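Structure below is target00.pdb: PDB, C-alpha atoms.
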MODEL        1
ATOM      1  CA  MET O  30     148.144 119.766  48.308  1.00  0.00           C
ATOM      2  CA  MET O  31     149.363 122.214  50.935  1.00  0.00           C
ATOM      3  CA  THR O  32     146.866 124.120  53.078  1.00  0.00           C
ATOM      4  CA  ASN O  33     146.790 127.909  53.418  1.00  0.00           C
ATOM      5  CA  THR O  34     148.137 127.627  56.969  1.00  0.00           C
ATOM      6  CA  GLU O  35     150.999 125.347  55.931  1.00  0.00           C
ATOM      7  CA  LYS O  36     151.998 127.784  53.177  1.00  0.00           C
ATOM      8  CA  LEU O  37     151.665 130.881  55.384  1.00  0.00           C
ATOM      9  CA  ILE O  38     153.803 129.444  58.180  1.00  0.00           C
ATOM     10  CA  ALA O  39     156.344 128.125  55.656  1.00  0.00           C
ATOM     11  CA  LYS O  40     156.679 131.624  54.153  1.00  0.00           C
ATOM     12  CA  ASP O  41     156.964 133.124  57.627  1.00  0.00           C
ATOM     13  CA  LEU O  42     159.694 130.737  58.790  1.00  0.00           C
ATOM     14  CA  LEU O  43     161.693 131.226  55.595  1.00  0.00           C
ATOM     15  CA  SER O  44     161.357 135.017  55.740  1.00  0.00           C
ATOM     16  CA  ILE O  45     163.088 135.263  59.134  1.00  0.00           C
ATOM     17  CA  LYS O  46     165.463 132.337  58.465  1.00  0.00           C
ATOM     18  CA  ALA O  47     163.927 130.270  61.250  1.00  0.00           C
ATOM     19  CA  VAL O  48     164.226 127.606  58.563  1.00  0.00           C
ATOM     20  CA  PHE O  49     167.211 128.052  56.281  1.00  0.00           C
ATOM     21  CA  PHE O  50     168.198 125.737  53.407  1.00  0.00           C
ATOM     22  CA  SER O  51     171.812 125.365  52.304  1.00  0.00           C
ATOM     23  CA  PRO O  52     172.043 122.198  50.179  1.00  0.00           C
ATOM     24  CA  ASP O  53     175.462 123.109  48.751  1.00  0.00           C
ATOM     25  CA  LYS O  54     177.028 124.019  52.098  1.00  0.00           C
ATOM     26  CA  PRO O  55     175.385 121.616  54.586  1.00  0.00           C
ATOM     27  CA  PHE O  56     175.291 122.099  58.334  1.00  0.00           C
ATOM     28  CA  THR O  57     176.673 119.411  60.639  1.00  0.00           C
ATOM     29  CA  TRP O  58     174.456 118.190  63.470  1.00  0.00           C
ATOM     30  CA  ALA O  59     175.848 117.179  66.864  1.00  0.00           C
ATOM     31  CA  SER O  60     175.403 113.568  65.752  1.00  0.00           C
ATOM     32  CA  GLY O  61     177.766 114.187  62.835  1.00  0.00           C
ATOM     33  CA  ILE O  62     175.026 113.966  60.218  1.00  0.00           C
ATOM     34  CA  LYS O  63     175.291 116.564  57.476  1.00  0.00           C
ATOM     35  CA  SER O  64     172.038 118.444  56.939  1.00  0.00           C
ATOM     36  CA  PRO O  65     170.883 120.816  54.178  1.00  0.00           C
ATOM     37  CA  VAL O  66     168.506 122.553  56.570  1.00  0.00           C
ATOM     38  CA  TYR O  67     168.910 124.678  59.690  1.00  0.00           C
ATOM     39  CA  CYS O  68     165.878 125.213  61.915  1.00  0.00           C
ATOM     40  CA  ASP O  69     165.528 127.552  64.902  1.00  0.00           C
ATOM     41  CA  ASN O  70     161.880 128.351  65.598  1.00  0.00           C
ATOM     42  CA  ARG O  71     162.908 130.437  68.624  1.00  0.00           C
ATOM     43  CA  LEU O  72     163.467 133.215  66.096  1.00  0.00           C
ATOM     44  CA  THR O  73     159.684 133.475  65.733  1.00  0.00           C
ATOM     45  CA  LEU O  74     159.528 134.981  69.219  1.00  0.00           C
ATOM     46  CA  THR O  75     161.534 138.031  68.144  1.00  0.00           C
ATOM     47  CA  ALA O  76     159.507 138.608  64.947  1.00  0.00           C
ATOM     48  CA  PRO O  77     156.101 139.970  66.090  1.00  0.00           C
ATOM     49  CA  LYS O  78     154.198 139.485  62.802  1.00  0.00           C
ATOM     50  CA  VAL O  79     155.453 135.914  62.388  1.00  0.00           C
ATOM     51  CA  ARG O  80     154.887 135.223  66.082  1.00  0.00           C
ATOM     52  CA  ASN O  81     151.291 136.403  65.729  1.00  0.00           C
ATOM     53  CA  ASP O  82     150.717 134.093  62.752  1.00  0.00           C
ATOM     54  CA  VAL O  83     152.270 131.133  64.567  1.00  0.00           C
ATOM     55  CA  GLU O  84     150.400 131.570  67.862  1.00  0.00           C
ATOM     56  CA  ASN O  85     147.046 132.122  66.154  1.00  0.00           C
ATOM     57  CA  ALA O  86     147.649 129.051  63.996  1.00  0.00           C
ATOM     58  CA  ILE O  87     148.546 126.947  67.058  1.00  0.00           C
ATOM     59  CA  SER O  88     145.397 128.141  68.824  1.00  0.00           C
ATOM     60  CA  GLU O  89     143.143 127.485  65.827  1.00  0.00           C
ATOM     61  CA  THR O  90     144.693 124.048  65.338  1.00  0.00           C
ATOM     62  CA  ILE O  91     144.096 123.140  68.983  1.00  0.00           C
ATOM     63  CA  LYS O  92     140.454 124.276  68.763  1.00  0.00           C
ATOM     64  CA  LYS O  93     139.897 122.305  65.557  1.00  0.00           C
ATOM     65  CA  GLU O  94     141.827 119.109  66.304  1.00  0.00           C
ATOM     66  CA  TYR O  95     141.445 118.853  70.095  1.00  0.00           C
ATOM     67  CA  PRO O  96     138.198 120.629  71.088  1.00  0.00           C
ATOM     68  CA  ASP O  97     138.040 118.829  74.464  1.00  0.00           C
ATOM     69  CA  VAL O  98     141.422 120.134  75.666  1.00  0.00           C
ATOM     70  CA  GLU O  99     141.594 121.319  79.282  1.00  0.00           C
ATOM     71  CA  VAL O 100     145.307 122.096  79.744  1.00  0.00           C
ATOM     72  CA  ILE O 101     148.126 123.153  77.401  1.00  0.00           C
ATOM     73  CA  MET O 102     151.572 121.759  78.215  1.00  0.00           C
ATOM     74  CA  GLY O 103     154.776 123.016  76.595  1.00  0.00           C
ATOM     75  CA  THR O 104     157.977 121.116  75.996  1.00  0.00           C
ATOM     76  CA  SER O 105     161.065 122.495  77.718  1.00  0.00           C
ATOM     77  CA  THR O 106     162.404 124.851  76.700  1.00  0.00           C
ATOM     78  CA  ALA O 107     161.434 125.696  73.133  1.00  0.00           C
ATOM     79  CA  GLY O 108     157.742 124.909  73.476  1.00  0.00           C
ATOM     80  CA  ILE O 109     157.145 126.880  76.679  1.00  0.00           C
ATOM     81  CA  ALA O 110     156.581 130.330  75.155  1.00  0.00           C
ATOM     82  CA  HIS O 111     154.328 128.978  72.403  1.00  0.00           C
ATOM     83  CA  ALA O 112     152.303 127.006  74.936  1.00  0.00           C
ATOM     84  CA  ALA O 113     151.947 130.085  77.145  1.00  0.00           C
ATOM     85  CA  ILE O 114     150.837 132.417  74.358  1.00  0.00           C
ATOM     86  CA  SER O 115     148.391 129.951  72.794  1.00  0.00           C
ATOM     87  CA  ALA O 116     146.964 129.073  76.219  1.00  0.00           C
ATOM     88  CA  HIS O 117     146.451 132.804  76.836  1.00  0.00           C
ATOM     89  CA  ILE O 118     144.610 133.148  73.511  1.00  0.00           C
ATOM     90  CA  LEU O 119     142.424 130.132  74.335  1.00  0.00           C
ATOM     91  CA  GLY O 120     141.868 131.099  77.980  1.00  0.00           C
ATOM     92  CA  LEU O 121     143.234 127.756  79.200  1.00  0.00           C
ATOM     93  CA  PRO O 122     145.601 126.657  81.986  1.00  0.00           C
ATOM     94  CA  MET O 123     149.207 126.102  80.934  1.00  0.00           C
ATOM     95  CA  GLY O 124     152.270 124.351  82.266  1.00  0.00           C
ATOM     96  CA  TYR O 125     155.386 122.652  80.992  1.00  0.00           C
ATOM     97  CA  VAL O 126     157.444 119.498  81.409  1.00  0.00           C
ATOM     98  CA  ARG O 127     161.113 119.631  82.339  1.00  0.00           C
ATOM     99  CA  SER O 128     163.295 117.808  79.837  1.00  0.00           C
ATOM    100  CA  SER O 129     165.951 116.429  82.183  1.00  0.00           C
ATOM    101  CA  GLY O 130     163.810 114.801  84.837  1.00  0.00           C
ATOM    102  CA  ALA O 131     162.552 116.286  88.080  1.00  0.00           C
ATOM    103  CA  LYS O 132     164.438 119.227  89.520  1.00  0.00           C
ATOM    104  CA  ASP O 133     166.607 118.468  92.539  1.00  0.00           C
ATOM    105  CA  HIS O 134     165.356 121.310  94.726  1.00  0.00           C
ATOM    106  CA  GLY O 135     162.059 122.713  95.994  1.00  0.00           C
ATOM    107  CA  ARG O 136     159.204 120.293  95.421  1.00  0.00           C
ATOM    108  CA  GLY O 137     161.159 118.267  92.859  1.00  0.00           C
ATOM    109  CA  ASN O 138     158.586 118.710  90.124  1.00  0.00           C
ATOM    110  CA  GLN O 139     159.111 117.517  86.567  1.00  0.00           C
ATOM    111  CA  ILE O 140     155.715 118.891  85.540  1.00  0.00           C
ATOM    112  CA  GLU O 141     155.428 122.595  86.300  1.00  0.00           C
ATOM    113  CA  GLY O 142     151.926 124.013  86.730  1.00  0.00           C
ATOM    114  CA  ARG O 143     148.825 122.364  88.154  1.00  0.00           C
ATOM    115  CA  LEU O 144     147.782 119.114  86.485  1.00  0.00           C
ATOM    116  CA  GLU O 145     145.001 116.926  87.829  1.00  0.00           C
ATOM    117  CA  SER O 146     144.778 113.231  87.051  1.00  0.00           C
ATOM    118  CA  GLY O 147     142.376 112.638  84.176  1.00  0.00           C
ATOM    119  CA  GLN O 148     142.708 116.099  82.626  1.00  0.00           C
ATOM    120  CA  LYS O 149     142.824 116.280  78.836  1.00  0.00           C
ATOM    121  CA  VAL O 150     146.138 117.739  77.674  1.00  0.00           C
ATOM    122  CA  VAL O 151     147.594 119.014  74.397  1.00  0.00           C
ATOM    123  CA  VAL O 152     151.381 119.242  74.119  1.00  0.00           C
ATOM    124  CA  VAL O 153     152.878 122.191  72.228  1.00  0.00           C
ATOM    125  CA  GLU O 154     156.280 121.589  70.610  1.00  0.00           C
ATOM    126  CA  ASP O 155     158.295 123.794  68.270  1.00  0.00           C
ATOM    127  CA  LEU O 156     160.031 121.139  66.166  1.00  0.00           C
ATOM    128  CA  ILE O 157     159.827 117.380  65.657  1.00  0.00           C
ATOM    129  CA  SER O 158     162.638 115.458  63.963  1.00  0.00           C
ATOM    130  CA  THR O 159     163.095 111.935  65.373  1.00  0.00           C
ATOM    131  CA  GLY O 160     160.351 112.500  67.960  1.00  0.00           C
ATOM    132  CA  GLY O 161     162.240 111.271  70.998  1.00  0.00           C
ATOM    133  CA  SER O 162     162.001 114.366  73.205  1.00  0.00           C
ATOM    134  CA  VAL O 163     158.305 115.075  72.654  1.00  0.00           C
ATOM    135  CA  ILE O 164     157.370 111.440  73.260  1.00  0.00           C
ATOM    136  CA  GLU O 165     159.279 111.594  76.545  1.00  0.00           C
ATOM    137  CA  VAL O 166     157.065 114.552  77.516  1.00  0.00           C
ATOM    138  CA  VAL O 167     153.917 112.644  76.507  1.00  0.00           C
ATOM    139  CA  ASN O 168     154.995 109.676  78.639  1.00  0.00           C
ATOM    140  CA  VAL O 169     155.676 111.884  81.687  1.00  0.00           C
ATOM    141  CA  LEU O 170     152.196 113.395  81.375  1.00  0.00           C
ATOM    142  CA  ARG O 171     150.575 109.990  80.958  1.00  0.00           C
ATOM    143  CA  GLU O 172     152.396 108.671  84.023  1.00  0.00           C
ATOM    144  CA  ALA O 173     150.972 111.632  85.948  1.00  0.00           C
ATOM    145  CA  GLY O 174     147.476 110.522  84.965  1.00  0.00           C
ATOM    146  CA  ALA O 175     146.817 112.980  82.134  1.00  0.00           C
ATOM    147  CA  GLU O 176     144.904 112.026  79.019  1.00  0.00           C
ATOM    148  CA  VAL O 177     147.161 113.297  76.229  1.00  0.00           C
ATOM    149  CA  LEU O 178     144.926 114.165  73.289  1.00  0.00           C
ATOM    150  CA  GLY O 179     147.876 114.886  71.041  1.00  0.00           C
ATOM    151  CA  ILE O 180     150.600 117.306  69.966  1.00  0.00           C
ATOM    152  CA  VAL O 181     150.638 120.544  68.012  1.00  0.00           C
ATOM    153  CA  SER O 182     154.057 121.400  66.558  1.00  0.00           C
ATOM    154  CA  ILE O 183     155.209 124.318  64.453  1.00  0.00           C
ATOM    155  CA  PHE O 184     157.364 122.254  62.093  1.00  0.00           C
ATOM    156  CA  THR O 185     158.035 118.574  61.498  1.00  0.00           C
ATOM    157  CA  TYR O 186     160.643 116.960  59.304  1.00  0.00           C
ATOM    158  CA  GLY O 187     158.455 113.938  58.568  1.00  0.00           C
ATOM    159  CA  MET O 188     161.426 111.613  59.072  1.00  0.00           C
ATOM    160  CA  LYS O 189     160.566 107.930  59.044  1.00  0.00           C
ATOM    161  CA  LYS O 190     161.997 107.374  62.530  1.00  0.00           C
ATOM    162  CA  GLY O 191     159.924 110.215  63.962  1.00  0.00           C
ATOM    163  CA  LEU O 192     156.705 109.034  62.334  1.00  0.00           C
ATOM    164  CA  GLN O 193     157.298 105.482  63.579  1.00  0.00           C
ATOM    165  CA  ARG O 194     157.943 106.648  67.125  1.00  0.00           C
ATOM    166  CA  LEU O 195     154.765 108.735  67.191  1.00  0.00           C
ATOM    167  CA  GLU O 196     152.764 105.782  65.898  1.00  0.00           C
ATOM    168  CA  GLU O 197     154.316 103.399  68.428  1.00  0.00           C
ATOM    169  CA  ALA O 198     153.539 105.856  71.230  1.00  0.00           C
ATOM    170  CA  ASN O 199     149.955 106.086  69.938  1.00  0.00           C
ATOM    171  CA  VAL O 200     150.038 109.871  69.885  1.00  0.00           C
ATOM    172  CA  LYS O 201     148.674 112.201  67.216  1.00  0.00           C
ATOM    173  CA  ASN O 202     150.755 115.120  65.965  1.00  0.00           C
ATOM    174  CA  VAL O 203     149.455 118.021  63.892  1.00  0.00           C
ATOM    175  CA  SER O 204     152.102 120.380  62.514  1.00  0.00           C
ATOM    176  CA  LEU O 205     151.492 123.896  61.250  1.00  0.00           C
ATOM    177  CA  THR O 206     153.851 123.163  58.373  1.00  0.00           C
ATOM    178  CA  ASN O 207     156.337 120.498  57.334  1.00  0.00           C
ATOM    179  CA  PHE O 208     159.585 119.820  55.517  1.00  0.00           C
ATOM    180  CA  ASP O 209     158.033 119.084  52.113  1.00  0.00           C
ATOM    181  CA  VAL O 210     155.857 122.213  52.143  1.00  0.00           C
ATOM    182  CA  ILE O 211     158.745 124.460  53.178  1.00  0.00           C
ATOM    183  CA  ALA O 212     160.978 122.968  50.455  1.00  0.00           C
ATOM    184  CA  GLU O 213     158.326 123.656  47.812  1.00  0.00           C
ATOM    185  CA  VAL O 214     157.667 127.187  49.069  1.00  0.00           C
ATOM    186  CA  ALA O 215     161.419 127.844  49.225  1.00  0.00           C
ATOM    187  CA  ALA O 216     161.674 126.960  45.532  1.00  0.00           C
ATOM    188  CA  GLU O 217     158.655 129.136  44.679  1.00  0.00           C
ATOM    189  CA  GLU O 218     160.151 132.074  46.579  1.00  0.00           C
ATOM    190  CA  LYS O 219     163.579 131.550  44.948  1.00  0.00           C
ATOM    191  CA  TYR O 220     165.412 130.667  48.172  1.00  0.00           C
ATOM    192  CA  ILE O 221     166.557 127.444  46.486  1.00  0.00           C
ATOM    193  CA  ALA O 222     166.542 126.052  42.944  1.00  0.00           C
ATOM    194  CA  PRO O 223     163.627 123.793  41.931  1.00  0.00           C
ATOM    195  CA  ASP O 224     166.127 120.968  41.355  1.00  0.00           C
ATOM    196  CA  ASP O 225     167.091 121.134  45.039  1.00  0.00           C
ATOM    197  CA  ILE O 226     163.683 119.846  46.199  1.00  0.00           C
ATOM    198  CA  ALA O 227     164.510 116.239  45.291  1.00  0.00           C
ATOM    199  CA  ARG O 228     167.865 116.509  47.085  1.00  0.00           C
ATOM    200  CA  LEU O 229     166.179 117.857  50.216  1.00  0.00           C
ATOM    201  CA  LYS O 230     163.587 115.082  50.214  1.00  0.00           C
ATOM    202  CA  SER O 231     166.354 112.525  49.729  1.00  0.00           C
ATOM    203  CA  PHE O 232     167.977 113.815  52.918  1.00  0.00           C
ATOM    204  CA  ARG O 233     164.641 113.711  54.751  1.00  0.00           C
ATOM    205  CA  ASN O 234     164.049 110.108  53.677  1.00  0.00           C
ATOM    206  CA  ASN O 235     167.476 108.919  54.848  1.00  0.00           C
ATOM    207  CA  PRO O 236     169.581 111.487  56.762  1.00  0.00           C
ATOM    208  CA  SER O 237     172.545 109.110  57.090  1.00  0.00           C
ATOM    209  CA  ASP O 238     172.889 108.752  53.284  1.00  0.00           C
ATOM    210  CA  GLU O 239     174.949 111.707  52.091  1.00  0.00           C
ATOM    211  CA  SER O 240     174.484 111.095  48.359  1.00  0.00           C
ATOM    212  CA  TRP O 241     172.108 114.095  48.204  1.00  0.00           C
ATOM    213  CA  ILE O 242     175.124 116.395  48.747  1.00  0.00           C
ATOM    214  CA  LYS O 243     176.303 115.636  45.217  1.00  0.00           C
ATOM    215  CA  GLY O 244     172.823 115.912  43.755  1.00  0.00           C
ATOM    216  CA  GLY O 245     171.948 112.321  44.493  1.00  0.00           C
ATOM    217  CA  LYS O 246     174.774 110.991  42.290  1.00  0.00           C
TER     218      LYS O 246
ENDMDL
END

Just dump the structure as structure tokens.
Amino acid sequence: MMTNTEKLIAKDLLSIKAVFFSPDKPFTWASGIKSPVYCDNRLTLTAPKVRNDVENAISETIKKEYPDVEVIMGTSTAGIAHAAISAHILGLPMGYVRSSGAKDHGRGNQIEGRLESGQKVVVVEDLISTGGSVIEVVNVLREAGAEVLGIVSIFTYGMKKGLQRLEEANVKNVSLTNFDVIAEVAAEEKYIAPDDIARLKSFRNNPSDESWIKGGK
């Protein structure tokens, strides 16, 4: 059963094509994998109504799931704006973690913003697929002495590899919406045919198996 927030954010992302399904004309990822879904949550930043829904939902999720949070940290670069806006709403300090290691000039920081050892941190991420990049951020923060309470993400694919990595890293993730919810809402809103839901979930379960392209046959 989807929550009101999951459905609202799913509708929002579909309405501005931040998430776009094309099961009959798949996209090709850099890895070569063919995908029936395109996701660019950066588009939420240029859609004020959707942006408002997303940032309020991130803030409410942080308050509910991580009430002891002291600092919000964004992932670079897509999570930075969402971390900044939600931290502003919550009245909390904010920073971000560079994705390619410490910079090679100035003070050489990988973590930007003030972070004291022992502070309780929530990481804000826009999208989780296999989970590798956000777990790298969590590890950097832990190495700096932070207590990472968990992650809030806008959208997660729910891929097996990503879920396993999060579990192995012992980090909690709460997403505003997810692949299954968006697929169901897309069918309800007539973006895709109801029969496409099973094909989309087949991709999600095993992205390297391309049988979903021909309807699972």

Check your understanding: If you count only C-alpha atoms, which residues fall within 6 Å of Asn207 in chain O, apart from same-chain ones fewer than 3 positions away, as JSON, numbers by chain?
Key -> {"O": [184, 185, 186, 210]}

Check your understanding: For the point (145.4, 122.5, 80.9) in file coordinates, what residues are within 6 Å, counting all atoms listed in the file? Give the answer as a ChimeraX atom specification?
Key -> /O:99-101,121-123,150

Point to revise | Surrounding residues of range 228-242 of chain O excluding itself and chain neighbours under 5 positions, 8 Å, only C-alpha atoms, as a ChimeraX atom specification | key: /O:52-53,55,62-65,186-189,208-209,212

Point to revise | Nearest-residue call for Val126 in chain O, choices O:Ile38, O:Ile183, O:Val169, O:Ala86, using only C-alpha atoms | key: O:Val169

Exercise for review: Within 12 Å of (146.8, 125.8, 55.9) (coordinates as in the file), grab all the protein and nucleic acid residues, counting all atoms listed in the file, and write them out as a PyMOL selection string.
Suggested key: chain O and resi 30-40+82-83+86-87+89-90+203-207+210

Point to revise | Residues matched by the PyMOL selection byres ((chain O and resi 124) around 12), written as a PyMOL selection string | key: chain O and resi 99-106+108-117+121-123+125-127+138-145+150-153+166+170

Provide range 88-118 of chain O rebuilt to N, CA and C atoms, formatted as an mmCIF file, in the coordinates of the input.
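Saved as rebuild_23.cif:
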data_model
loop_
_atom_site.group_PDB
_atom_site.id
_atom_site.type_symbol
_atom_site.label_atom_id
_atom_site.label_comp_id
_atom_site.auth_asym_id
_atom_site.auth_seq_id
_atom_site.Cartn_x
_atom_site.Cartn_y
_atom_site.Cartn_z
ATOM 1 N N SER O 88 146.678 128.069 68.104
ATOM 2 C CA SER O 88 145.397 128.141 68.824
ATOM 3 C C SER O 88 144.255 127.593 67.986
ATOM 4 N N GLU O 89 144.210 127.966 66.713
ATOM 5 C CA GLU O 89 143.143 127.485 65.827
ATOM 6 C C GLU O 89 143.255 125.981 65.615
ATOM 7 N N THR O 90 144.481 125.491 65.516
ATOM 8 C CA THR O 90 144.693 124.048 65.338
ATOM 9 C C THR O 90 144.231 123.277 66.570
ATOM 10 N N ILE O 91 144.538 123.797 67.746
ATOM 11 C CA ILE O 91 144.096 123.140 68.983
ATOM 12 C C ILE O 91 142.570 123.100 69.044
ATOM 13 N N LYS O 92 141.923 124.225 68.728
ATOM 14 C CA LYS O 92 140.454 124.276 68.763
ATOM 15 C C LYS O 92 139.839 123.286 67.775
ATOM 16 N N LYS O 93 140.442 123.177 66.602
ATOM 17 C CA LYS O 93 139.897 122.305 65.557
ATOM 18 C C LYS O 93 140.166 120.830 65.831
ATOM 19 N N GLU O 94 141.415 120.511 66.188
ATOM 20 C CA GLU O 94 141.827 119.109 66.304
ATOM 21 C C GLU O 94 141.564 118.509 67.681
ATOM 22 N N TYR O 95 141.576 119.354 68.721
ATOM 23 C CA TYR O 95 141.445 118.853 70.095
ATOM 24 C C TYR O 95 140.444 119.719 70.873
ATOM 25 N N PRO O 96 139.180 119.724 70.465
ATOM 26 C CA PRO O 96 138.198 120.629 71.088
ATOM 27 C C PRO O 96 137.948 120.363 72.561
ATOM 28 N N ASP O 97 138.297 119.174 73.062
ATOM 29 C CA ASP O 97 138.040 118.829 74.464
ATOM 30 C C ASP O 97 139.201 119.182 75.393
ATOM 31 N N VAL O 98 140.226 119.838 74.872
ATOM 32 C CA VAL O 98 141.422 120.134 75.666
ATOM 33 C C VAL O 98 141.085 120.940 76.924
ATOM 34 N N GLU O 99 141.774 120.605 78.014
ATOM 35 C CA GLU O 99 141.594 121.319 79.282
ATOM 36 C C GLU O 99 142.870 122.026 79.742
ATOM 37 N N VAL O 100 144.030 121.523 79.324
ATOM 38 C CA VAL O 100 145.307 122.096 79.744
ATOM 39 C C VAL O 100 146.288 122.045 78.565
ATOM 40 N N ILE O 101 147.056 123.132 78.391
ATOM 41 C CA ILE O 101 148.126 123.153 77.401
ATOM 42 C C ILE O 101 149.445 122.940 78.121
ATOM 43 N N MET O 102 150.265 122.015 77.621
ATOM 44 C CA MET O 102 151.572 121.759 78.215
ATOM 45 C C MET O 102 152.660 121.960 77.166
ATOM 46 N N GLY O 103 153.663 122.775 77.504
ATOM 47 C CA GLY O 103 154.776 123.016 76.595
ATOM 48 C C GLY O 103 155.937 122.088 76.870
ATOM 49 N N THR O 104 156.727 121.853 75.825
ATOM 50 C CA THR O 104 157.977 121.116 75.996
ATOM 51 C C THR O 104 159.058 122.103 76.417
ATOM 52 N N SER O 105 159.996 121.625 77.213
ATOM 53 C CA SER O 105 161.065 122.495 77.718
ATOM 54 C C SER O 105 162.298 122.375 76.805
ATOM 55 N N THR O 106 162.860 123.512 76.383
ATOM 56 C CA THR O 106 162.404 124.851 76.700
ATOM 57 C C THR O 106 161.670 125.507 75.529
ATOM 58 N N ALA O 107 161.897 124.993 74.336
ATOM 59 C CA ALA O 107 161.434 125.696 73.133
ATOM 60 C C ALA O 107 159.916 125.807 73.020
ATOM 61 N N GLY O 108 159.190 124.869 73.607
ATOM 62 C CA GLY O 108 157.742 124.909 73.476
ATOM 63 C C GLY O 108 157.036 125.746 74.528
ATOM 64 N N ILE O 109 157.782 126.203 75.545
ATOM 65 C CA ILE O 109 157.145 126.880 76.679
ATOM 66 C C ILE O 109 156.456 128.174 76.260
ATOM 67 N N ALA O 110 157.167 129.044 75.542
ATOM 68 C CA ALA O 110 156.581 130.330 75.155
ATOM 69 C C ALA O 110 155.369 130.146 74.263
ATOM 70 N N HIS O 111 155.455 129.211 73.321
ATOM 71 C CA HIS O 111 154.328 128.978 72.403
ATOM 72 C C HIS O 111 153.117 128.408 73.149
ATOM 73 N N ALA O 112 153.396 127.546 74.120
ATOM 74 C CA ALA O 112 152.303 127.006 74.936
ATOM 75 C C ALA O 112 151.658 128.120 75.754
ATOM 76 N N ALA O 113 152.469 129.001 76.312
ATOM 77 C CA ALA O 113 151.947 130.085 77.145
ATOM 78 C C ALA O 113 151.084 131.050 76.331
ATOM 79 N N ILE O 114 151.580 131.444 75.165
ATOM 80 C CA ILE O 114 150.837 132.417 74.358
ATOM 81 C C ILE O 114 149.545 131.804 73.827
ATOM 82 N N SER O 115 149.606 130.579 73.328
ATOM 83 C CA SER O 115 148.391 129.951 72.794
ATOM 84 C C SER O 115 147.384 129.670 73.907
ATOM 85 N N ALA O 116 147.869 129.290 75.094
ATOM 86 C CA ALA O 116 146.964 129.073 76.219
ATOM 87 C C ALA O 116 146.288 130.383 76.613
ATOM 88 N N HIS O 117 147.028 131.481 76.539
ATOM 89 C CA HIS O 117 146.451 132.804 76.836
ATOM 90 C C HIS O 117 145.345 133.137 75.832
ATOM 91 N N ILE O 118 145.610 132.886 74.559
ATOM 92 C CA ILE O 118 144.610 133.148 73.511
ATOM 93 C C ILE O 118 143.353 132.316 73.753
#
